[in-house]
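*Asks:* The structure that follows is given in the form of structure tokens.
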Amino acid sequence: MLLIFSSDRGLCGSYNSNLYRAAIKAIDELKKGKIECKIFCYGKKAYNFLQKRYPELMLGYRDEIAKKGP
């Protein structure tokens, strides 16, 4: 399982971009090695991005982390 921590809102563009790039690389390497993985996101931005690319791997997300803390 991959736990992805992203922002809920904007103004974190480079952080989220680098996060997406690293997540895609990790997921593709796991899939290439025939290792099953699932994704859970803390933060709405990563969920919205990865849901479009890997809908079959998504378990869900929580988006209140910015308001309440981890």
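Letters A, B, ... mark the chains of the structure tokens in the order given; residue numbers begin at 1 per chain; ligand numbers begin at 1, in order shown.
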Just want the 9 Å neighbourhood of Ala46 (chain A), counted on only C-alpha atoms, with same-chain residues fewer than 5 positions away dropped. Output as a ChimeraX atom specification.
*Replies:* /A:4-8,16,19-20,41,51,61
*Asks:* For N, CA, C and O atoms, I'd like the residues from the last selection saved as an mmCIF file, in the first residue's frame.
*Replies:*
```
data_model
loop_
_atom_site.group_PDB
_atom_site.id
_atom_site.type_symbol
_atom_site.label_atom_id
_atom_site.label_comp_id
_atom_site.auth_asym_id
_atom_site.auth_seq_id
_atom_site.Cartn_x
_atom_site.Cartn_y
_atom_site.Cartn_z
ATOM 1 N N ILE A 4 -0.020 8.385 0.264
ATOM 2 C CA ILE A 4 0.425 9.604 -0.397
ATOM 3 C C ILE A 4 -0.089 10.796 0.400
ATOM 4 O O ILE A 4 -1.293 10.922 0.616
ATOM 5 N N PHE A 5 0.805 11.680 0.825
ATOM 6 C CA PHE A 5 0.437 12.878 1.566
ATOM 7 C C PHE A 5 0.604 14.093 0.662
ATOM 8 O O PHE A 5 1.726 14.451 0.314
ATOM 9 N N SER A 6 -0.501 14.702 0.291
ATOM 10 C CA SER A 6 -0.463 15.888 -0.568
ATOM 11 C C SER A 6 -1.222 17.021 0.091
ATOM 12 O O SER A 6 -1.755 16.872 1.193
ATOM 13 N N SER A 7 -1.305 18.134 -0.611
ATOM 14 C CA SER A 7 -2.072 19.266 -0.082
ATOM 15 C C SER A 7 -3.553 19.083 -0.408
ATOM 16 O O SER A 7 -3.924 18.297 -1.269
ATOM 17 N N ASP A 8 -4.375 19.805 0.308
ATOM 18 C CA ASP A 8 -5.812 19.817 0.031
ATOM 19 C C ASP A 8 -6.164 20.933 -0.945
ATOM 20 O O ASP A 8 -7.155 20.856 -1.650
ATOM 21 N N ASN A 16 3.413 19.222 -5.004
ATOM 22 C CA ASN A 16 2.488 18.246 -5.569
ATOM 23 C C ASN A 16 3.028 17.647 -6.862
ATOM 24 O O ASN A 16 2.902 16.448 -7.087
ATOM 25 N N LEU A 19 5.623 15.152 -6.012
ATOM 26 C CA LEU A 19 4.933 14.028 -5.383
ATOM 27 C C LEU A 19 4.297 13.117 -6.427
ATOM 28 O O LEU A 19 4.437 11.894 -6.369
ATOM 29 N N TYR A 20 3.607 13.702 -7.406
ATOM 30 C CA TYR A 20 2.983 12.908 -8.466
ATOM 31 C C TYR A 20 4.031 12.131 -9.248
ATOM 32 O O TYR A 20 3.853 10.950 -9.538
ATOM 33 N N CYS A 41 -4.767 8.143 -0.212
ATOM 34 C CA CYS A 41 -4.247 9.507 -0.224
ATOM 35 C C CYS A 41 -4.733 10.302 0.974
ATOM 36 O O CYS A 41 -5.903 10.243 1.330
ATOM 37 N N GLN A 51 -6.472 9.297 -9.218
ATOM 38 C CA GLN A 51 -7.738 8.631 -9.541
ATOM 39 C C GLN A 51 -7.940 8.545 -11.044
ATOM 40 O O GLN A 51 -8.455 7.562 -11.554
ATOM 41 N N TYR A 61 -9.503 8.435 0.151
ATOM 42 C CA TYR A 61 -8.706 9.560 0.617
ATOM 43 C C TYR A 61 -9.351 10.217 1.834
ATOM 44 O O TYR A 61 -10.514 10.008 2.120
#
```
*Asks:* Measuring atom to atom with only C-alpha atoms, identify which of A:Asp63, A:Asn18, A:Ile24, A:Leu2 is nearest to Lys45 (chain A).
*Replies:*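 Closest residue, counting only C-alpha atoms: A:Asp63.
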*Asks:* For Arg9 (chain A), which of A:Lys25, A:Cys37, A:Pro55, A:Gly43 is the closest residue, counting only C-alpha atoms?
*Replies:*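 Checking each of A:Lys25, A:Cys37, A:Pro55, A:Gly43 against Arg9 (chain A), counting only C-alpha atoms, the winner is A:Gly43.
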